[in-house]
>>> print(open('entry_31.txt').read())   # compact mmCIF, C-alpha atoms
# COMPACT_ATOMS: atom_id res chain seq x y z
CA MET A 174 -26.26 29.52 0.47
CA THR A 175 -24.17 26.52 -0.47
CA GLN A 176 -20.48 26.27 -1.21
CA PRO A 177 -19.19 24.86 -4.50
CA ILE A 178 -17.66 21.38 -4.55
CA GLU A 179 -13.90 21.70 -4.75
CA PHE A 180 -12.62 19.35 -7.44
CA TYR A 181 -8.83 18.84 -7.53
CA PHE A 182 -7.26 16.95 -10.41
CA ASP A 183 -4.08 16.56 -12.42
CA PHE A 184 -4.36 16.65 -16.21
CA SER A 185 -2.13 13.55 -16.25
CA SER A 186 -4.45 11.51 -14.01
CA PRO A 187 -6.75 8.90 -15.59
CA TYR A 188 -8.93 8.79 -12.46
CA GLY A 189 -9.09 12.60 -12.57
CA TYR A 190 -10.32 12.35 -16.16
CA PHE A 191 -13.00 9.81 -15.23
CA ALA A 192 -14.18 12.04 -12.38
CA SER A 193 -14.24 15.07 -14.66
CA THR A 194 -16.86 13.40 -16.84
CA LYS A 195 -19.25 12.92 -13.88
CA ILE A 196 -18.73 15.55 -11.20
CA ASP A 197 -20.72 18.35 -12.84
CA GLU A 198 -23.84 16.23 -13.24
CA ILE A 199 -23.57 15.02 -9.64
CA ALA A 200 -23.31 18.64 -8.49
CA THR A 201 -26.25 19.74 -10.65
CA ARG A 202 -28.48 17.07 -9.09
CA HIS A 203 -27.80 18.74 -5.73
CA ASN A 204 -27.88 22.37 -6.89
CA ARG A 205 -24.17 22.84 -6.46
CA GLU A 206 -21.44 24.41 -8.53
CA VAL A 207 -18.06 22.76 -9.05
CA ASP A 208 -14.82 24.66 -8.59
CA TRP A 209 -12.28 22.94 -10.88
CA ARG A 210 -8.72 23.18 -9.56
CA PRO A 211 -5.91 21.55 -11.54
CA VAL A 212 -2.86 20.66 -9.48
CA LEU A 213 0.54 19.08 -10.14
CA LEU A 214 0.87 15.61 -8.66
CA GLY A 215 4.64 15.75 -9.22
CA ALA A 216 4.94 18.54 -6.65
CA ILE A 217 2.48 16.82 -4.29
CA PHE A 218 4.24 13.45 -4.50
CA LYS A 219 7.47 15.14 -3.38
CA VAL A 220 5.74 15.90 -0.08
CA THR A 221 4.01 12.53 0.37
CA GLY A 222 6.86 10.40 -1.00
CA SER A 223 4.55 8.83 -3.57
CA ALA A 224 5.15 8.17 -7.26
CA PRO A 225 3.09 7.80 -10.46
CA LEU A 226 1.02 4.60 -10.15
CA PRO A 227 2.42 2.69 -13.15
CA THR A 228 5.97 3.04 -11.75
CA ILE A 229 5.11 1.28 -8.46
CA PRO A 230 5.99 -2.45 -8.35
CA ILE A 231 2.92 -4.75 -8.51
CA LYS A 232 0.48 -1.88 -7.82
CA GLY A 233 1.51 -0.41 -11.18
CA GLU A 234 0.41 -3.52 -13.06
CA TYR A 235 -2.95 -3.41 -11.28
CA ALA A 236 -3.35 0.27 -12.16
CA LYS A 237 -2.71 -0.37 -15.85
CA HIS A 238 -5.41 -3.04 -15.77
CA ASP A 239 -7.74 -0.88 -13.70
CA PHE A 240 -7.61 2.27 -15.88
CA PRO A 241 -9.53 0.81 -18.86
CA ARG A 242 -11.77 -1.25 -16.55
CA THR A 243 -12.72 1.91 -14.63
CA ALA A 244 -13.39 3.70 -17.92
CA ARG A 245 -15.82 0.92 -18.88
CA TRP A 246 -17.36 1.08 -15.37
CA PHE A 247 -18.11 4.78 -15.92
CA GLY A 248 -19.02 4.25 -19.57
CA VAL A 249 -16.47 6.71 -20.94
CA PRO A 250 -13.97 6.27 -23.78
CA PHE A 251 -10.32 5.81 -22.83
CA THR A 252 -7.00 5.14 -24.50
CA PHE A 253 -3.90 4.72 -22.38
CA PRO A 254 -1.65 7.55 -23.64
CA SER A 255 1.61 6.62 -25.38
CA VAL A 256 3.38 9.25 -23.25
CA PHE A 257 2.48 8.74 -19.58
CA PRO A 258 2.63 10.33 -17.11
CA ILE A 259 3.19 13.89 -18.29
CA ALA A 260 4.10 17.11 -16.51
CA SER A 261 0.90 19.09 -16.78
CA LEU A 262 2.32 22.60 -16.53
CA ALA A 263 1.13 23.90 -19.92
CA PRO A 264 -2.52 22.78 -19.63
CA SER A 265 -2.73 23.88 -15.99
CA ARG A 266 -1.34 27.34 -16.75
CA ALA A 267 -3.69 27.80 -19.72
CA PHE A 268 -6.55 26.76 -17.44
CA TYR A 269 -5.79 29.29 -14.69
CA TRP A 270 -5.17 32.06 -17.21
CA LEU A 271 -8.57 31.42 -18.78
CA GLN A 272 -10.30 31.06 -15.42
CA ASP A 273 -9.49 34.70 -14.66
CA HIS A 274 -11.39 35.69 -17.80
CA ASP A 275 -14.18 33.15 -18.03
CA PRO A 276 -14.55 30.30 -15.50
CA GLN A 277 -17.11 28.43 -17.63
CA GLN A 278 -14.81 28.48 -20.65
CA ALA A 279 -11.93 27.33 -18.44
CA LYS A 280 -13.96 24.27 -17.47
CA GLU A 281 -14.74 23.60 -21.14
CA LEU A 282 -11.02 23.88 -21.94
CA ALA A 283 -10.22 21.38 -19.17
CA LYS A 284 -12.70 18.90 -20.61
CA ARG A 285 -11.26 19.28 -24.10
CA LEU A 286 -7.71 18.85 -22.79
CA TYR A 287 -8.66 15.68 -20.94
CA ARG A 288 -10.38 14.30 -24.04
CA ALA A 289 -7.34 15.11 -26.16
CA TYR A 290 -4.98 13.33 -23.77
CA PHE A 291 -7.05 10.31 -22.76
CA ILE A 292 -9.05 9.66 -25.91
CA GLU A 293 -7.06 11.09 -28.82
CA ASP A 294 -3.60 10.35 -27.34
CA ILE A 295 -2.38 13.92 -27.80
CA ASP A 296 0.50 14.85 -25.50
CA ILE A 297 -0.93 17.99 -23.88
CA SER A 298 2.29 18.58 -21.92
CA ARG A 299 3.61 20.05 -25.18
CA PRO A 300 2.56 23.72 -25.20
CA LYS A 301 1.84 23.67 -28.94
CA ASN A 302 -0.72 20.89 -28.46
CA THR A 303 -2.48 22.62 -25.57
CA LEU A 304 -2.39 25.81 -27.66
CA ALA A 305 -4.02 24.13 -30.66
CA ILE A 306 -6.86 22.84 -28.47
CA ALA A 307 -7.41 26.31 -26.98
CA VAL A 308 -7.37 27.96 -30.41
CA ASP A 309 -9.85 25.38 -31.69
CA MET A 310 -12.19 26.62 -28.95
CA GLY A 311 -11.92 30.13 -30.35
CA LEU A 312 -9.42 31.51 -27.85
CA GLU A 313 -6.82 34.01 -29.00
CA SER A 314 -3.57 32.26 -29.88
CA ALA A 315 -1.14 34.92 -28.65
CA ALA A 316 -2.91 35.29 -25.29
CA VAL A 317 -2.91 31.55 -24.63
CA GLU A 318 0.73 31.22 -25.67
CA ALA A 319 1.72 34.06 -23.36
CA SER A 320 0.11 32.25 -20.41
CA PHE A 321 2.65 29.43 -20.64
CA ASP A 322 5.49 31.73 -19.61
CA ASP A 323 3.68 34.42 -17.67
CA THR A 324 5.23 34.87 -14.22
CA ALA A 325 1.93 35.74 -12.56
CA ILE A 326 0.28 32.60 -13.98
CA LYS A 327 3.22 30.45 -12.92
CA GLU A 328 2.86 31.81 -9.39
CA ARG A 329 -0.88 31.32 -9.55
CA LEU A 330 -0.41 27.61 -10.31
CA LYS A 331 2.19 27.22 -7.56
CA ALA A 332 -0.17 28.88 -5.11
CA ALA A 333 -2.98 26.55 -6.21
CA VAL A 334 -0.79 23.50 -5.54
CA ASN A 335 0.30 24.83 -2.15
CA SER A 336 -3.26 25.66 -1.21
CA ALA A 337 -4.33 22.14 -2.21
CA LEU A 338 -1.55 20.61 -0.10
CA ALA A 339 -2.57 22.77 2.85
CA LYS A 340 -6.10 21.38 2.51
CA GLY A 341 -4.82 17.80 2.49
CA VAL A 342 -4.94 17.01 -1.23
CA PHE A 343 -2.56 14.09 -1.89
CA GLY A 344 -4.00 12.54 -5.06
CA SER A 345 -6.26 12.99 -8.07
CA PRO A 346 -9.19 13.27 -8.09
CA TYR A 347 -9.82 14.79 -4.68
CA PHE A 348 -13.08 16.41 -3.66
CA ILE A 349 -13.98 18.68 -0.77
CA VAL A 350 -17.68 18.98 0.02
CA ASP A 351 -18.48 21.46 2.78
CA GLY A 352 -15.07 20.79 4.30
CA GLU A 353 -15.35 17.00 3.98
CA PRO A 354 -12.55 15.38 1.89
CA PHE A 355 -12.93 12.44 -0.50
CA HIS A 356 -10.13 10.86 -2.52
CA GLY A 357 -10.60 8.86 -5.69
CA SER A 358 -13.04 8.36 -8.52
CA ASP A 359 -14.36 5.35 -6.59
CA ARG A 360 -15.61 7.65 -3.85
CA MET A 361 -18.06 9.64 -5.97
CA ASP A 362 -20.94 7.58 -4.60
CA GLN A 363 -19.90 8.87 -1.17
CA VAL A 364 -19.61 12.43 -2.49
CA GLU A 365 -23.16 12.14 -3.78
CA LYS A 366 -24.49 10.70 -0.53
CA TRP A 367 -22.74 13.45 1.46
CA LEU A 368 -24.40 16.06 -0.79
CA ALA A 369 -27.78 14.40 -0.36
CA THR A 370 -27.66 13.83 3.40
CA GLY A 371 -25.08 16.23 4.82
CA GLY A 372 -22.99 13.34 6.11
CA TRP A 373 -23.24 10.06 7.96
CA MET B 295 -18.66 -25.29 -11.13
CA THR B 296 -17.57 -21.94 -9.73
CA GLN B 297 -14.34 -20.94 -8.03
CA PRO B 298 -14.32 -19.39 -4.56
CA ILE B 299 -13.65 -15.67 -4.22
CA GLU B 300 -10.08 -15.18 -2.98
CA PHE B 301 -10.11 -12.68 -0.12
CA TYR B 302 -6.68 -11.38 0.97
CA PHE B 303 -6.38 -9.28 4.11
CA ASP B 304 -4.02 -8.30 6.89
CA PHE B 305 -5.28 -8.56 10.47
CA SER B 306 -3.86 -5.06 11.02
CA SER B 307 -5.87 -3.49 8.17
CA PRO B 308 -9.02 -1.47 8.99
CA TYR B 309 -10.24 -1.75 5.40
CA GLY B 310 -9.61 -5.49 5.57
CA TYR B 311 -11.78 -5.63 8.67
CA PHE B 312 -14.60 -3.69 7.00
CA ALA B 313 -14.45 -6.03 3.99
CA SER B 314 -14.48 -9.08 6.27
CA THR B 315 -17.88 -8.07 7.61
CA LYS B 316 -19.43 -8.02 4.11
CA ILE B 317 -17.66 -10.40 1.73
CA ASP B 318 -19.37 -13.61 2.87
CA GLU B 319 -22.87 -12.20 2.36
CA ILE B 320 -21.91 -10.87 -1.08
CA ALA B 321 -20.57 -14.30 -2.01
CA THR B 322 -23.68 -16.07 -0.69
CA ARG B 323 -25.93 -13.89 -2.86
CA HIS B 324 -24.04 -15.26 -5.86
CA ASN B 325 -23.66 -18.86 -4.66
CA ARG B 326 -19.95 -18.54 -4.07
CA GLU B 327 -17.60 -19.54 -1.31
CA VAL B 328 -14.92 -17.23 0.06
CA ASP B 329 -11.36 -18.38 0.55
CA TRP B 330 -9.96 -16.22 3.38
CA ARG B 331 -6.20 -15.66 3.08
CA PRO B 332 -4.44 -13.54 5.70
CA VAL B 333 -1.21 -11.95 4.51
CA LEU B 334 1.49 -9.72 6.01
CA LEU B 335 1.44 -6.21 4.57
CA GLY B 336 4.85 -5.54 6.12
CA ALA B 337 6.41 -8.12 3.81
CA ILE B 338 4.38 -6.91 0.83
CA PHE B 339 5.26 -3.23 1.39
CA LYS B 340 8.96 -4.17 1.25
CA VAL B 341 8.38 -5.18 -2.36
CA THR B 342 6.17 -2.25 -3.37
CA GLY B 343 8.02 0.40 -1.34
CA SER B 344 4.82 1.37 0.46
CA ALA B 345 4.24 2.03 4.16
CA PRO B 346 1.36 1.86 6.66
CA LEU B 347 -1.17 4.54 5.71
CA PRO B 348 -1.07 6.62 8.93
CA THR B 349 2.70 7.08 8.53
CA ILE B 350 2.41 8.71 5.08
CA PRO B 351 2.47 12.54 5.13
CA ILE B 352 -0.95 14.13 4.37
CA LYS B 353 -2.44 10.83 3.14
CA GLY B 354 -2.07 9.51 6.70
CA GLU B 355 -4.28 12.27 8.12
CA TYR B 356 -6.91 11.49 5.51
CA ALA B 357 -6.75 7.78 6.35
CA LYS B 358 -7.27 8.43 10.06
CA HIS B 359 -10.35 10.47 9.17
CA ASP B 360 -11.53 7.92 6.62
CA PHE B 361 -11.32 4.81 8.85
CA PRO B 362 -14.24 5.73 11.15
CA ARG B 363 -16.16 7.33 8.27
CA THR B 364 -15.87 4.11 6.26
CA ALA B 365 -16.99 2.11 9.31
CA ARG B 366 -20.13 4.28 9.48
CA TRP B 367 -20.59 3.91 5.71
CA PHE B 368 -20.65 0.12 6.14
CA GLY B 369 -22.59 0.34 9.40
CA VAL B 370 -20.05 -1.57 11.47
CA PRO B 371 -18.56 -0.70 14.86
CA PHE B 372 -14.97 0.55 14.92
CA THR B 373 -12.43 1.86 17.41
CA PHE B 374 -9.06 3.00 16.19
CA PRO B 375 -6.67 0.68 18.09
CA SER B 376 -4.27 2.24 20.59
CA VAL B 377 -1.48 0.10 19.11
CA PHE B 378 -1.46 0.50 15.31
CA PRO B 379 -0.31 -0.93 13.01
CA ILE B 380 0.66 -4.32 14.41
CA ALA B 381 2.69 -7.23 13.04
CA SER B 382 0.01 -9.83 12.51
CA LEU B 383 2.17 -12.96 12.74
CA ALA B 384 0.43 -14.58 15.72
CA PRO B 385 -3.17 -14.26 14.43
CA SER B 386 -2.14 -15.26 10.89
CA ARG B 387 -0.32 -18.37 12.11
CA ALA B 388 -3.21 -19.40 14.35
CA PHE B 389 -5.51 -18.93 11.36
CA TYR B 390 -3.52 -21.16 8.98
CA TRP B 391 -3.02 -23.80 11.67
CA LEU B 392 -6.77 -23.95 12.23
CA GLN B 393 -7.58 -23.88 8.52
CA ASP B 394 -5.83 -27.22 8.12
CA HIS B 395 -8.23 -28.70 10.66
CA ASP B 396 -11.46 -26.82 10.06
CA PRO B 397 -11.75 -24.06 7.45
CA GLN B 398 -15.13 -22.83 8.75
CA GLN B 399 -13.76 -22.47 12.27
CA ALA B 400 -10.71 -20.67 10.90
CA LYS B 401 -13.02 -18.08 9.32
CA GLU B 402 -14.86 -17.71 12.62
CA LEU B 403 -11.53 -17.21 14.41
CA ALA B 404 -10.56 -14.51 11.88
CA LYS B 405 -13.83 -12.67 12.53
CA ARG B 406 -13.31 -12.84 16.28
CA LEU B 407 -9.73 -11.62 15.96
CA TYR B 408 -10.81 -8.67 13.83
CA ARG B 409 -13.54 -7.79 16.32
CA ALA B 410 -11.09 -8.00 19.21
CA TYR B 411 -8.61 -5.68 17.48
CA PHE B 412 -10.92 -3.14 15.87
CA ILE B 413 -13.80 -3.03 18.36
CA GLU B 414 -12.39 -4.08 21.73
CA ASP B 415 -8.90 -2.59 21.22
CA ILE B 416 -7.12 -5.83 22.08
CA ASP B 417 -3.59 -6.06 20.69
CA ILE B 418 -3.83 -9.36 18.81
CA SER B 419 -0.16 -9.20 17.80
CA ARG B 420 0.52 -10.47 21.35
CA PRO B 421 0.32 -14.27 21.19
CA LYS B 422 -1.37 -14.51 24.61
CA ASN B 423 -4.24 -12.31 23.36
CA THR B 424 -4.75 -14.28 20.16
CA LEU B 425 -4.54 -17.46 22.28
CA ALA B 426 -7.25 -16.24 24.69
CA ILE B 427 -9.60 -15.53 21.77
CA ALA B 428 -8.98 -18.99 20.29
CA VAL B 429 -9.50 -20.70 23.65
CA ASP B 430 -12.71 -18.74 24.14
CA MET B 431 -13.91 -20.37 20.90
CA GLY B 432 -13.29 -23.79 22.43
CA LEU B 433 -9.97 -24.53 20.73
CA GLU B 434 -7.31 -26.45 22.61
CA SER B 435 -4.87 -24.08 24.29
CA ALA B 436 -1.69 -26.12 23.84
CA ALA B 437 -2.37 -26.74 20.15
CA VAL B 438 -2.99 -23.05 19.40
CA GLU B 439 0.06 -22.01 21.36
CA ALA B 440 2.23 -24.49 19.48
CA SER B 441 1.12 -22.98 16.16
CA PHE B 442 2.86 -19.68 16.97
CA ASP B 443 6.29 -21.30 16.81
CA ASP B 444 5.68 -24.24 14.54
CA THR B 445 8.15 -24.25 11.66
CA ALA B 446 5.68 -25.76 9.22
CA ILE B 447 3.08 -23.09 10.04
CA LYS B 448 5.66 -20.32 9.73
CA GLU B 449 6.56 -21.64 6.29
CA ARG B 450 2.89 -21.95 5.42
CA LEU B 451 2.35 -18.25 6.16
CA LYS B 452 5.45 -17.22 4.21
CA ALA B 453 4.24 -19.28 1.27
CA ALA B 454 0.80 -17.63 1.50
CA VAL B 455 2.40 -14.17 1.36
CA ASN B 456 4.62 -15.12 -1.58
CA SER B 457 1.70 -16.67 -3.42
CA ALA B 458 -0.31 -13.49 -2.85
CA LEU B 459 2.54 -11.34 -4.16
CA ALA B 460 2.83 -13.58 -7.21
CA LYS B 461 -0.86 -12.99 -7.88
CA GLY B 462 -0.42 -9.22 -7.62
CA VAL B 463 -1.72 -8.58 -4.10
CA PHE B 464 -0.29 -5.23 -2.91
CA GLY B 465 -2.81 -4.12 -0.28
CA SER B 466 -5.67 -5.15 2.01
CA PRO B 467 -8.38 -6.04 1.25
CA TYR B 468 -7.70 -7.55 -2.15
CA PHE B 469 -10.15 -9.79 -3.97
CA ILE B 470 -9.73 -12.11 -6.92
CA VAL B 471 -12.93 -13.18 -8.68
CA ASP B 472 -12.41 -15.69 -11.48
CA GLY B 473 -8.94 -14.27 -12.04
CA GLU B 474 -10.09 -10.62 -11.92
CA PRO B 475 -8.37 -8.52 -9.21
CA PHE B 476 -10.00 -5.80 -7.09
CA HIS B 477 -8.26 -3.73 -4.43
CA GLY B 478 -9.97 -1.96 -1.57
CA SER B 479 -13.14 -2.09 0.48
CA ASP B 480 -14.50 0.63 -1.82
CA ARG B 481 -14.44 -1.80 -4.73
CA MET B 482 -16.88 -4.32 -3.28
CA ASP B 483 -19.67 -2.89 -5.43
CA GLN B 484 -17.48 -3.83 -8.42
CA VAL B 485 -16.81 -7.28 -6.96
CA GLU B 486 -20.55 -7.78 -6.69
CA LYS B 487 -21.23 -6.55 -10.22
CA TRP B 488 -18.48 -8.82 -11.57
CA LEU B 489 -20.08 -11.78 -9.79
CA ALA B 490 -23.49 -10.86 -11.16
CA THR B 491 -22.49 -10.18 -14.75
CA GLY B 492 -19.16 -11.92 -15.36
CA GLY B 493 -17.48 -8.62 -16.13
CA TRP B 494 -17.92 -5.41 -18.09
>>> encode(input="entry_31.txt", output="structure tokens")
Amino acid sequence: MTQPIEFYFDFSSPYGYFASTKIDEIATRHNREVDWRPVLLGAIFKVTGSAPLPTIPIKGEYAKHDFPRTARWFGVPFTFPSVFPIASLAPSRAFYWLQDHDPQQAKELAKRLYRAYFIEDIDISRPKNTLAIAVDMGLESAAVEASFDDTAIKERLKAAVNSALAKGVFGSPYFIVDGEPFHGSDRMDQVEKWLATGGW
Amino acid sequence: MTQPIEFYFDFSSPYGYFASTKIDEIATRHNREVDWRPVLLGAIFKVTGSAPLPTIPIKGEYAKHDFPRTARWFGVPFTFPSVFPIASLAPSRAFYWLQDHDPQQAKELAKRLYRAYFIEDIDISRPKNTLAIAVDMGLESAAVEASFDDTAIKERLKAAVNSALAKGVFGSPYFIVDGEPFHGSDRMDQVEKWLATGGW
């Protein structure tokens, strides 16, 4: 029996978005499931002392050049959002609420949210925008809206972030394969080799 | 006529060392030269606000796990040095001094210095250790020793760091291929594709 691949990402992370378009097919090739786990880089950066890439001197300029280049490398559409970065509380809460009801639908919601933010330039940090995307999927408006302010869901997201930190997650995307950690969309070739060979 | 690949690295950088074992053969496959340019990450991190990887909470633990794993990935020997990181003034100065006389020998010295530090656990920040490695290559002891305190060589190294910063170098290794920047030993597949195709 094999464990799912743990896939940590922030809805505000371009590299998380790129990874989200590829990780399921990599897993399928190796008969694995993927456990999608949105986190909040803002909370994680407080622990590591890091900051959103575009705000870092010199490295930020490289990142802004590398985002679209990496999108072309992976062959996926990408528009640098006009509001960036965003606090991804609303999409993350909607995700965890839905995951309790239907994990497959939660994954579909995550993909639609990423597309909205990084292709259609929709600011998904605004609850009404995340709500509209969820409703468009056929989810019940009142239930989704309630998830944004539900205490149990808020705690659920906090616990997910703390659990990620305890496992060593410091960036997005971050993968754990049978206990082995990999950081970055540029490490998915290593994720795939680890799945194929059990390590090196 | 093609430009050489600019290869920036710090003698204290494990990922710089890994890249140094591969970049010349990548260049040769594409009929390119490599211009090796040691820099001082300490000076660069003052501008970007970064710090040596192992000192960063959580990310540091990952790095210490990733160094030997990356060495195995590239198939090169590696020992985590007992003194790490180091200020790489002495090896960098010896390098630039030698480059003025014989660029090919300077590259050979850089490879020997990296091997000494990351395989044999020799602290090359100590001038006498860098000197011994240079002398073992057949270089004249007094001339190498003089380079450590030569004002012109000190200025040469400072200028190299400032030139790197001006070009956007924020880490090690860092490559520039026909004006296109790539950061990290995990981007050498992209460096190679850029060389092969002229971009994507």
>>> residues_around(input="entry_31.txt", residues="segment 407-424 of chain B", least_positions_apart="6", cutoff="9 Å", atoms="all atoms listed in the file", output="list in words")
Phe305, Ser306, Pro308, Gly310, Tyr311, Ser314, Pro371, Phe372, Thr373, Phe374, Pro375, Ser376, Val377, Phe378, Ile380, Ala381, Ser382, Leu383, Ala384, Pro385, Ala388, Val438, Glu439 and Phe442 of chain B
>>> residues_near_point(input="entry_31.txt", point="(-0.3, -12.1, -6.1)", cutoff="12 Å", atoms="all atoms listed in the file", output="ChimeraX atom specification")
/A:230-232,234-235 /B:300-302,331,333,338,341,453-466,468-470,473-477
>>> residues_around(input="entry_31.txt", residues="Gly372 of chain A", least_positions_apart="5", cutoff="12 Å", atoms="all atoms listed in the file", output="PyMOL selection string")
(chain A and resi 350-354+363-367) or (chain B and resi 363-364+366-367)
>>> closest_residue(input="entry_31.txt", among="A:Asp239, A:Asp275, A:Asp183, A:Glu313", to="chain B", atoms="only C-alpha atoms")
A:Asp239
>>> closest_residue(input="entry_31.txt", among="B:Ser386, B:Ser307, B:Ser479, B:Gln399", to="chain A", atoms="only C-alpha atoms")
B:Ser479
>>> atom_distance(input="entry_31.txt", atom1="atom CA of Val370 of chain B", atom2="atom CA of Asp359 of chain A")
20.2 Å
>>> atom_distance(input="entry_31.txt", atom1="atom CA of Pro346 of chain B", atom2="atom CA of Thr221 of chain A")
12.7 Å
>>> closest_residue(input="entry_31.txt", among="A:Asn204, A:Ser223, A:Ser320, A:Thr175", to="chain B", atoms="all atoms listed in the file")
A:Ser223
>>> atom_distance(input="entry_31.txt", atom1="atom CA of Asp430 of chain B", atom2="atom CA of Tyr309 of chain B")
25.4 Å
>>> closest_residue(input="entry_31.txt", among="A:Thr194, A:Thr324, A:Gln176, A:Thr228", to="chain B", atoms="all atoms listed in the file")
A:Thr228
